[in-house]
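Raw contents of final-v6.csv, CSV, N, CA and C atoms and all ligand atoms:
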chain,number,residue,atom,x,y,z
A,810,MET,N,-32.8,71.3,-56.5
A,810,MET,CA,-32.4,72.0,-57.7
A,810,MET,C,-32.7,71.1,-58.9
A,811,ASP,N,-33.2,71.7,-60.0
A,811,ASP,CA,-33.4,71.0,-61.3
A,811,ASP,C,-32.1,70.4,-61.8
A,812,HIS,N,-32.2,69.1,-62.2
A,812,HIS,CA,-31.0,68.4,-62.5
A,812,HIS,C,-30.3,69.0,-63.8
A,813,GLY,N,-31.1,69.3,-64.8
A,813,GLY,CA,-30.6,69.9,-66.0
A,813,GLY,C,-29.8,71.2,-65.8
A,814,LYS,N,-30.4,72.0,-64.9
A,814,LYS,CA,-29.8,73.3,-64.6
A,814,LYS,C,-28.5,73.1,-63.9
A,815,LEU,N,-28.5,72.1,-63.0
A,815,LEU,CA,-27.2,71.8,-62.2
A,815,LEU,C,-26.1,71.4,-63.1
A,816,VAL,N,-26.5,70.5,-64.1
A,816,VAL,CA,-25.5,70.0,-65.0
A,816,VAL,C,-24.9,71.2,-65.8
A,817,LYS,N,-25.8,72.1,-66.2
A,817,LYS,CA,-25.4,73.2,-67.0
A,817,LYS,C,-24.4,74.1,-66.2
A,818,ILE,N,-24.7,74.3,-64.9
A,818,ILE,CA,-23.9,75.1,-64.0
A,818,ILE,C,-22.5,74.4,-63.9
A,819,LEU,N,-22.6,73.1,-63.7
A,819,LEU,CA,-21.3,72.3,-63.5
A,819,LEU,C,-20.4,72.4,-64.7
A,820,TRP,N,-21.0,72.3,-65.9
A,820,TRP,CA,-20.3,72.4,-67.1
A,820,TRP,C,-19.7,73.8,-67.3
A,821,GLY,N,-20.5,74.8,-66.8
A,821,GLY,CA,-20.0,76.1,-66.9
A,821,GLY,C,-18.8,76.3,-66.0
A,822,ILE,N,-18.8,75.7,-64.8
A,822,ILE,CA,-17.7,75.8,-63.9
A,822,ILE,C,-16.5,75.0,-64.5
A,823,ALA,N,-16.8,73.9,-65.1
A,823,ALA,CA,-15.8,73.0,-65.7
A,823,ALA,C,-15.0,73.8,-66.8
A,824,GLY,N,-15.8,74.6,-67.6
A,824,GLY,CA,-15.2,75.4,-68.6
A,824,GLY,C,-14.2,76.4,-68.1
A,825,VAL,N,-14.4,76.9,-66.9
A,825,VAL,CA,-13.6,77.9,-66.2
A,825,VAL,C,-12.4,77.2,-65.5
A,826,VAL,N,-12.7,76.3,-64.7
A,826,VAL,CA,-11.6,75.7,-63.8
A,826,VAL,C,-10.9,74.4,-64.4
A,827,GLY,N,-11.6,73.9,-65.5
A,827,GLY,CA,-11.0,72.6,-66.0
A,827,GLY,C,-11.7,71.4,-65.5
A,828,VAL,N,-11.9,70.4,-66.3
A,828,VAL,CA,-12.7,69.3,-65.9
A,828,VAL,C,-12.1,68.5,-64.8
A,829,SER,N,-10.8,68.3,-64.8
A,829,SER,CA,-10.1,67.5,-63.8
A,829,SER,C,-10.2,68.1,-62.4
A,830,THR,N,-10.1,69.5,-62.4
A,830,THR,CA,-10.3,70.2,-61.1
A,830,THR,C,-11.7,70.0,-60.6
A,831,LEU,N,-12.7,70.1,-61.5
A,831,LEU,CA,-14.1,69.9,-61.1
A,831,LEU,C,-14.3,68.5,-60.6
A,832,ALA,N,-13.7,67.5,-61.3
A,832,ALA,CA,-13.9,66.1,-60.9
A,832,ALA,C,-13.3,65.9,-59.5
A,833,ALA,N,-12.1,66.5,-59.3
A,833,ALA,CA,-11.5,66.3,-58.0
A,833,ALA,C,-12.4,67.0,-56.9
A,834,PHE,N,-13.0,68.1,-57.2
A,834,PHE,CA,-13.9,68.8,-56.3
A,834,PHE,C,-15.1,68.0,-56.0
A,835,VAL,N,-15.7,67.4,-57.0
A,835,VAL,CA,-16.9,66.5,-56.8
A,835,VAL,C,-16.6,65.3,-55.9
A,836,VAL,N,-15.4,64.7,-56.2
A,836,VAL,CA,-15.0,63.5,-55.4
A,836,VAL,C,-14.9,64.0,-53.9
A,837,LEU,N,-14.2,65.1,-53.7
A,837,LEU,CA,-14.0,65.7,-52.4
A,837,LEU,C,-15.4,65.9,-51.7
A,838,MET,N,-16.3,66.5,-52.5
A,838,MET,CA,-17.6,66.8,-51.9
A,838,MET,C,-18.3,65.5,-51.5
A,839,GLN,N,-18.2,64.5,-52.3
A,839,GLN,CA,-18.9,63.2,-52.0
A,839,GLN,C,-18.3,62.6,-50.7
A,840,MET,N,-17.0,62.7,-50.6
A,840,MET,CA,-16.3,62.2,-49.4
A,840,MET,C,-16.8,62.9,-48.2
A,841,THR,N,-16.9,64.3,-48.3
A,841,THR,CA,-17.3,65.1,-47.2
A,841,THR,C,-18.7,64.7,-46.8
A,842,LEU,N,-19.6,64.6,-47.8
A,842,LEU,CA,-21.0,64.2,-47.5
A,842,LEU,C,-21.1,62.9,-46.8
A,843,GLN,N,-20.3,61.9,-47.3
A,843,GLN,CA,-20.3,60.6,-46.7
A,843,GLN,C,-19.9,60.6,-45.2
A,844,VAL,N,-19.0,61.5,-44.9
A,844,VAL,CA,-18.5,61.6,-43.5
A,844,VAL,C,-19.6,62.2,-42.6
A,845,THR,N,-20.1,63.4,-43.1
A,845,THR,CA,-21.0,64.2,-42.3
A,845,THR,C,-22.4,63.5,-42.2
A,846,SER,N,-22.8,62.7,-43.2
A,846,SER,CA,-24.1,62.2,-43.2
A,846,SER,C,-24.1,60.7,-42.6
A,847,ALA,N,-22.9,60.3,-42.1
A,847,ALA,CA,-22.8,58.9,-41.6
A,847,ALA,C,-23.9,58.7,-40.6
A,848,ASP,N,-24.7,57.7,-40.8
A,848,ASP,CA,-25.8,57.3,-40.0
A,848,ASP,C,-25.5,57.1,-38.6
A,849,PRO,N,-25.9,58.0,-37.7
A,849,PRO,CA,-25.5,58.0,-36.3
A,849,PRO,C,-26.1,56.7,-35.6
A,850,GLN,N,-27.2,56.3,-36.1
A,850,GLN,CA,-27.8,55.0,-35.5
A,850,GLN,C,-26.9,53.8,-35.8
A,851,GLY,N,-26.5,53.8,-37.0
A,851,GLY,CA,-25.6,52.7,-37.4
A,851,GLY,C,-24.3,52.7,-36.7
A,852,ARG,N,-23.8,53.9,-36.4
A,852,ARG,CA,-22.6,54.0,-35.7
A,852,ARG,C,-22.8,53.6,-34.2
A,853,ALA,N,-23.9,54.0,-33.7
A,853,ALA,CA,-24.2,53.6,-32.3
A,853,ALA,C,-24.3,52.1,-32.2
A,854,GLU,N,-24.9,51.5,-33.2
A,854,GLU,CA,-25.0,50.0,-33.1
A,854,GLU,C,-23.6,49.3,-33.3
A,855,ALA,N,-22.8,49.9,-34.1
A,855,ALA,CA,-21.4,49.4,-34.3
A,855,ALA,C,-20.6,49.5,-32.9
A,856,HIS,N,-20.8,50.7,-32.3
A,856,HIS,CA,-20.2,50.9,-31.0
A,856,HIS,C,-20.7,49.8,-30.0
A,857,ALA,N,-22.0,49.6,-29.9
A,857,ALA,CA,-22.6,48.7,-29.0
A,857,ALA,C,-22.0,47.3,-29.2
A,858,ARG,N,-21.9,46.9,-30.5
A,858,ARG,CA,-21.4,45.6,-30.9
A,858,ARG,C,-19.9,45.4,-30.4
A,859,GLN,N,-19.1,46.4,-30.6
A,859,GLN,CA,-17.7,46.4,-30.2
A,859,GLN,C,-17.6,46.3,-28.7
A,860,CYS,N,-18.5,47.1,-28.0
A,860,CYS,CA,-18.5,47.2,-26.6
A,860,CYS,C,-18.9,45.8,-26.0
A,861,ARG,N,-19.9,45.2,-26.6
A,861,ARG,CA,-20.3,43.9,-26.1
A,861,ARG,C,-19.2,42.8,-26.2
A,862,ASP,N,-18.4,43.0,-27.3
A,862,ASP,CA,-17.2,42.1,-27.4
A,862,ASP,C,-16.3,42.3,-26.2
A,863,ASN,N,-16.1,43.5,-25.8
A,863,ASN,CA,-15.3,43.8,-24.7
A,863,ASN,C,-15.9,43.3,-23.4
A,864,LEU,N,-17.2,43.4,-23.3
A,864,LEU,CA,-17.9,43.0,-22.1
A,864,LEU,C,-17.8,41.4,-22.0
A,865,ARG,N,-17.9,40.8,-23.1
A,865,ARG,CA,-17.7,39.3,-23.1
A,865,ARG,C,-16.3,38.9,-22.6
A,866,ASP,N,-15.3,39.7,-23.1
A,866,ASP,CA,-13.9,39.5,-22.6
A,866,ASP,C,-13.9,39.7,-21.1
A,867,LEU,N,-14.5,40.8,-20.6
A,867,LEU,CA,-14.4,41.1,-19.2
A,867,LEU,C,-15.1,40.1,-18.4
A,868,SER,N,-16.3,39.6,-18.9
A,868,SER,CA,-17.1,38.6,-18.2
A,868,SER,C,-16.3,37.3,-18.0
A,869,ALA,N,-15.7,36.9,-19.1
A,869,ALA,CA,-14.9,35.7,-19.1
A,869,ALA,C,-13.7,35.8,-18.2
A,870,ALA,N,-13.1,37.0,-18.2
A,870,ALA,CA,-11.9,37.2,-17.4
A,870,ALA,C,-12.3,37.2,-15.9
A,871,LYS,N,-13.5,37.7,-15.6
A,871,LYS,CA,-14.0,37.7,-14.2
A,871,LYS,C,-14.2,36.2,-13.7
A,872,GLU,N,-14.8,35.4,-14.6
A,872,GLU,CA,-15.1,34.1,-14.2
A,872,GLU,C,-13.8,33.3,-14.0
A,873,ARG,N,-12.8,33.5,-14.9
A,873,ARG,CA,-11.5,32.8,-14.7
A,873,ARG,C,-10.8,33.2,-13.5
A,874,TRP,N,-10.8,34.5,-13.2
A,874,TRP,CA,-10.2,35.1,-12.0
A,874,TRP,C,-10.9,34.5,-10.7
A,875,ALA,N,-12.2,34.4,-10.8
A,875,ALA,CA,-13.0,33.9,-9.6
A,875,ALA,C,-12.6,32.4,-9.4
A,876,PHE,N,-12.5,31.7,-10.5
A,876,PHE,CA,-12.1,30.3,-10.4
A,876,PHE,C,-10.7,30.1,-9.8
A,877,ASP,N,-9.8,30.9,-10.4
A,877,ASP,CA,-8.4,30.7,-9.9
A,877,ASP,C,-8.2,31.1,-8.4
A,878,TYR,N,-9.0,32.1,-8.0
A,878,TYR,CA,-8.8,32.6,-6.6
A,878,TYR,C,-9.8,32.0,-5.7
A,879,GLY,N,-10.6,31.1,-6.2
A,879,GLY,CA,-11.6,30.4,-5.4
A,879,GLY,C,-12.7,31.4,-4.8
A,880,LYS,N,-13.0,32.4,-5.6
A,880,LYS,CA,-14.1,33.3,-5.2
A,880,LYS,C,-15.4,32.9,-5.7
A,881,SER,N,-16.4,33.1,-4.8
A,881,SER,CA,-17.8,32.7,-5.2
A,881,SER,C,-18.6,34.0,-5.6
A,882,ALA,N,-19.8,33.7,-6.0
A,882,ALA,CA,-20.7,34.8,-6.5
A,882,ALA,C,-20.8,35.9,-5.4
A,883,GLY,N,-20.7,37.1,-5.8
A,883,GLY,CA,-20.9,38.2,-4.8
A,883,GLY,C,-19.5,38.8,-4.4
A,884,ALA,N,-18.4,38.1,-4.7
A,884,ALA,CA,-17.1,38.6,-4.4
A,884,ALA,C,-16.8,39.8,-5.2
A,885,GLU,N,-16.1,40.8,-4.6
A,885,GLU,CA,-15.7,42.0,-5.4
A,885,GLU,C,-14.5,41.7,-6.2
A,886,VAL,N,-14.5,42.2,-7.4
A,886,VAL,CA,-13.4,42.1,-8.3
A,886,VAL,C,-13.1,43.4,-9.0
A,887,GLY,N,-11.9,43.8,-9.1
A,887,GLY,CA,-11.5,45.1,-9.7
A,887,GLY,C,-10.8,44.9,-11.0
A,888,MET,N,-10.8,46.0,-11.8
A,888,MET,CA,-10.2,45.9,-13.1
A,888,MET,C,-8.7,45.6,-12.9
A,889,ALA,N,-8.1,46.0,-11.9
A,889,ALA,CA,-6.7,45.8,-11.6
A,889,ALA,C,-6.4,44.3,-11.5
A,890,ASP,N,-7.4,43.6,-10.9
A,890,ASP,CA,-7.2,42.1,-10.7
A,890,ASP,C,-7.2,41.4,-12.0
A,891,LEU,N,-7.9,41.9,-13.0
A,891,LEU,CA,-8.0,41.2,-14.3
A,891,LEU,C,-7.0,41.7,-15.2
A,892,ARG,N,-6.5,42.9,-15.1
A,892,ARG,CA,-5.6,43.5,-16.1
A,892,ARG,C,-4.3,42.7,-16.3
A,893,SER,N,-3.8,42.2,-15.2
A,893,SER,CA,-2.4,41.6,-15.2
A,893,SER,C,-2.4,40.4,-16.1
A,894,SER,N,-3.3,39.4,-15.8
A,894,SER,CA,-3.2,38.1,-16.6
A,894,SER,C,-4.5,37.6,-17.1
A,895,TYR,N,-5.6,38.3,-16.9
A,895,TYR,CA,-6.9,37.8,-17.4
A,895,TYR,C,-7.5,38.5,-18.6
A,896,LEU,N,-6.9,39.6,-18.9
A,896,LEU,CA,-7.4,40.4,-20.1
A,896,LEU,C,-6.3,40.3,-21.2
A,897,LYS,N,-6.7,39.9,-22.4
A,897,LYS,CA,-5.7,39.8,-23.5
A,897,LYS,C,-5.2,41.2,-23.9
A,898,LYS,N,-6.2,42.2,-23.8
A,898,LYS,CA,-5.8,43.6,-24.1
A,898,LYS,C,-6.6,44.5,-23.2
A,899,GLU,N,-6.1,45.8,-23.2
A,899,GLU,CA,-6.9,46.8,-22.5
A,899,GLU,C,-8.2,47.0,-23.2
A,900,VAL,N,-9.3,46.9,-22.5
A,900,VAL,CA,-10.6,47.1,-23.1
A,900,VAL,C,-11.0,48.6,-23.0
A,901,ALA,N,-11.5,49.1,-24.1
A,901,ALA,CA,-12.0,50.5,-24.1
A,901,ALA,C,-13.2,50.6,-24.9
A,902,CYS,N,-14.2,51.2,-24.4
A,902,CYS,CA,-15.5,51.4,-25.1
A,902,CYS,C,-15.3,52.4,-26.2
A,903,PRO,N,-15.8,52.0,-27.4
A,903,PRO,CA,-15.7,52.9,-28.6
A,903,PRO,C,-16.5,54.2,-28.4
A,904,ALA,N,-17.5,54.1,-27.5
A,904,ALA,CA,-18.3,55.3,-27.2
A,904,ALA,C,-17.8,56.0,-25.9
A,905,LYS,N,-16.6,55.7,-25.5
A,905,LYS,CA,-16.0,56.3,-24.4
A,905,LYS,C,-16.7,56.1,-23.1
A,906,GLY,N,-17.3,54.9,-23.0
A,906,GLY,CA,-18.0,54.5,-21.8
A,906,GLY,C,-17.1,54.0,-20.7
A,907,THR,N,-17.6,53.9,-19.5
A,907,THR,CA,-16.8,53.3,-18.4
A,907,THR,C,-17.4,52.0,-18.0
A,908,TYR,N,-16.4,51.0,-17.9
A,908,TYR,CA,-16.9,49.7,-17.6
A,908,TYR,C,-17.1,49.5,-16.1
A,909,VAL,N,-18.2,48.9,-15.8
A,909,VAL,CA,-18.5,48.5,-14.4
A,909,VAL,C,-18.5,47.0,-14.3
A,910,LEU,N,-17.5,46.5,-13.6
A,910,LEU,CA,-17.3,45.1,-13.5
A,910,LEU,C,-18.4,44.4,-12.7
A,911,GLY,N,-18.8,45.0,-11.6
A,911,GLY,CA,-19.8,44.3,-10.7
A,911,GLY,C,-19.1,43.1,-10.0
A,912,ALA,N,-19.9,42.5,-9.1
A,912,ALA,CA,-19.4,41.4,-8.4
A,912,ALA,C,-19.3,40.1,-9.2
A,913,VAL,N,-18.6,39.2,-8.7
A,913,VAL,CA,-18.5,37.8,-9.4
A,913,VAL,C,-20.0,37.3,-9.5
A,914,GLY,N,-20.3,36.7,-10.6
A,914,GLY,CA,-21.6,36.2,-10.8
A,914,GLY,C,-22.6,37.1,-11.4
A,915,THR,N,-22.2,38.4,-11.6
A,915,THR,CA,-23.1,39.4,-12.2
A,915,THR,C,-22.4,39.8,-13.6
A,916,ARG,N,-23.2,40.3,-14.5
A,916,ARG,CA,-22.7,40.7,-15.7
A,916,ARG,C,-22.1,42.1,-15.7
A,917,PRO,N,-20.9,42.3,-16.2
A,917,PRO,CA,-20.4,43.6,-16.3
A,917,PRO,C,-21.2,44.4,-17.3
A,918,TYR,N,-21.2,45.7,-17.2
A,918,TYR,CA,-21.8,46.6,-18.2
A,918,TYR,C,-21.0,47.8,-18.4
A,919,CYS,N,-21.4,48.7,-19.3
A,919,CYS,CA,-20.7,49.9,-19.6
A,919,CYS,C,-21.6,51.1,-19.6
A,920,GLU,N,-21.2,52.1,-18.9
A,920,GLU,CA,-22.0,53.3,-18.8
A,920,GLU,C,-21.3,54.3,-19.7
A,921,TYR,N,-22.1,54.8,-20.7
A,921,TYR,CA,-21.6,55.8,-21.6
A,921,TYR,C,-22.6,57.0,-21.7
A,922,ALA,N,-22.2,58.0,-22.3
A,922,ALA,CA,-23.0,59.3,-22.3
A,922,ALA,C,-24.5,59.0,-22.7
A,923,GLY,N,-24.7,58.1,-23.7
A,923,GLY,CA,-26.0,57.9,-24.2
A,923,GLY,C,-26.8,56.8,-23.5
A,924,GLY,N,-26.2,56.2,-22.5
A,924,GLY,CA,-26.9,55.1,-21.8
A,924,GLY,C,-26.0,54.0,-21.3
A,925,ARG,N,-26.4,52.8,-21.6
A,925,ARG,CA,-25.6,51.7,-21.0
A,925,ARG,C,-25.5,50.6,-22.1
A,926,HIS,N,-24.3,50.1,-22.2
A,926,HIS,CA,-24.0,48.9,-23.1
A,926,HIS,C,-24.0,47.7,-22.2
A,927,GLU,N,-24.8,46.7,-22.6
A,927,GLU,CA,-24.9,45.5,-21.8
A,927,GLU,C,-24.8,44.2,-22.6
A,928,LEU,N,-24.5,43.1,-22.0
A,928,LEU,CA,-24.5,41.8,-22.7
A,928,LEU,C,-25.9,41.4,-22.8
A,929,THR,N,-26.3,41.0,-24.0
A,929,THR,CA,-27.7,40.7,-24.2
A,929,THR,C,-28.0,39.2,-24.2
A,930,THR,N,-26.9,38.4,-24.2
A,930,THR,CA,-27.1,37.0,-24.2
A,930,THR,C,-26.4,36.4,-22.9
A,931,GLU,N,-26.6,35.1,-22.8
A,931,GLU,CA,-26.1,34.5,-21.6
A,931,GLU,C,-24.6,34.2,-21.8
A,932,ALA,N,-24.1,34.4,-23.0
A,932,ALA,CA,-22.7,34.1,-23.3
A,932,ALA,C,-21.7,34.7,-22.4
A,933,GLY,N,-20.8,34.0,-21.9
A,933,GLY,CA,-19.8,34.5,-21.0
A,933,GLY,C,-20.1,34.7,-19.6
A,934,THR,N,-21.4,34.4,-19.2
A,934,THR,CA,-21.7,34.6,-17.8
A,934,THR,C,-22.1,33.2,-17.2
A,935,ALA,N,-21.6,33.0,-16.0
A,935,ALA,CA,-21.9,31.8,-15.3
A,935,ALA,C,-23.2,31.9,-14.6
A,936,ALA,N,-23.8,30.8,-14.4
A,936,ALA,CA,-25.1,30.7,-13.7
A,936,ALA,C,-24.8,31.2,-12.3
A,937,PRO,N,-25.7,31.9,-11.7
A,937,PRO,CA,-25.5,32.4,-10.3
A,937,PRO,C,-25.6,31.2,-9.3
B,1001,ZN,ZN,-19.6,50.8,-24.1
Can you dump the structure from the file as structure tokens?
Amino acid sequence: MDHGKLVKILWGIAGVVGVSTLAAFVVLMQMTLQVTSADPQGRAEAHARQCRDNLRDLSAAKERWAFDYGKSAGAEVGMADLRSSYLKKEVACPAKGTYVLGAVGTRPYCEYAGGRHELTTEAGTAAP
């Protein structure tokens, strides 16, 4: 829409409903737009970042558990083993994924509706 025309229409509305009401409406519209047009790619990346933080915690917890119980690579470990004293907090994927711990010596990952969250660096994983 032509900008001049839009301004004219807005002033017309302002004359009827009052400037403060219109200003409140514009602010509300902007907020709505920001929410609905939130970049889904950016959100997915933020989710992946948060999820990788969780995966690092899980990976470190697995290694500590394996050390404490004298488990070697390939040993099965469950979330219940880590929950009691190896995880600082309950981990939850922001994209509602499910964590797959895997065996000792492997990297945990997360399966979510859009794919898989994985650790991309060596951080938190022991050499096999
Ligand atoms: Zn995830």
If the limit is 8 Å from any atom of ligand ZN 1001 (chain B), counting all atoms listed in the file, which residues qualify? Return them as a VMD selection string. chain A and resid 856 to 861 864 901 to 908 918 to 922 924 to 927
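Atom N of Tyr878 of chain A is positioned 13.1 Å from atom C of Ala912 of chain A.
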Backbone DSSP call of alpha helix (DSSP H) for chain A, listed as a ChimeraX atom specification: /A:812-826,828-845,849-877,888-892
Between A:Leu867, A:Val900, A:Asp811, A:Gly914, which residue has the minimum interatomic distance to Ser881 of chain A, considering all atoms listed in the file?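 Checking each candidate against Ser881 of chain A, we get A:Gly914 as the closest.
Residues with any atom within 12 Å of the point (-7.2, 35.6, -10.4), counting only C-alpha atoms, are Ala869, Ala870, Lys871, Glu872, Arg873, Trp874, Ala875, Phe876, Asp877, Tyr878, Gly879, Lys880, Ala884, Glu885, Val886, Gly887, Met888, Ala889, Asp890, Leu891, Arg892, Ser893, Ser894, Tyr895, Leu896 and Val913 of chain A.
The space between atom C of Gly911 of chain A and atom N of Leu928 of chain A spans 13.2 Å.
Reported to one decimal place, the separation of atom CA of Gly851 of chain A from atom CA of Thr915 of chain A is 28.6 Å.
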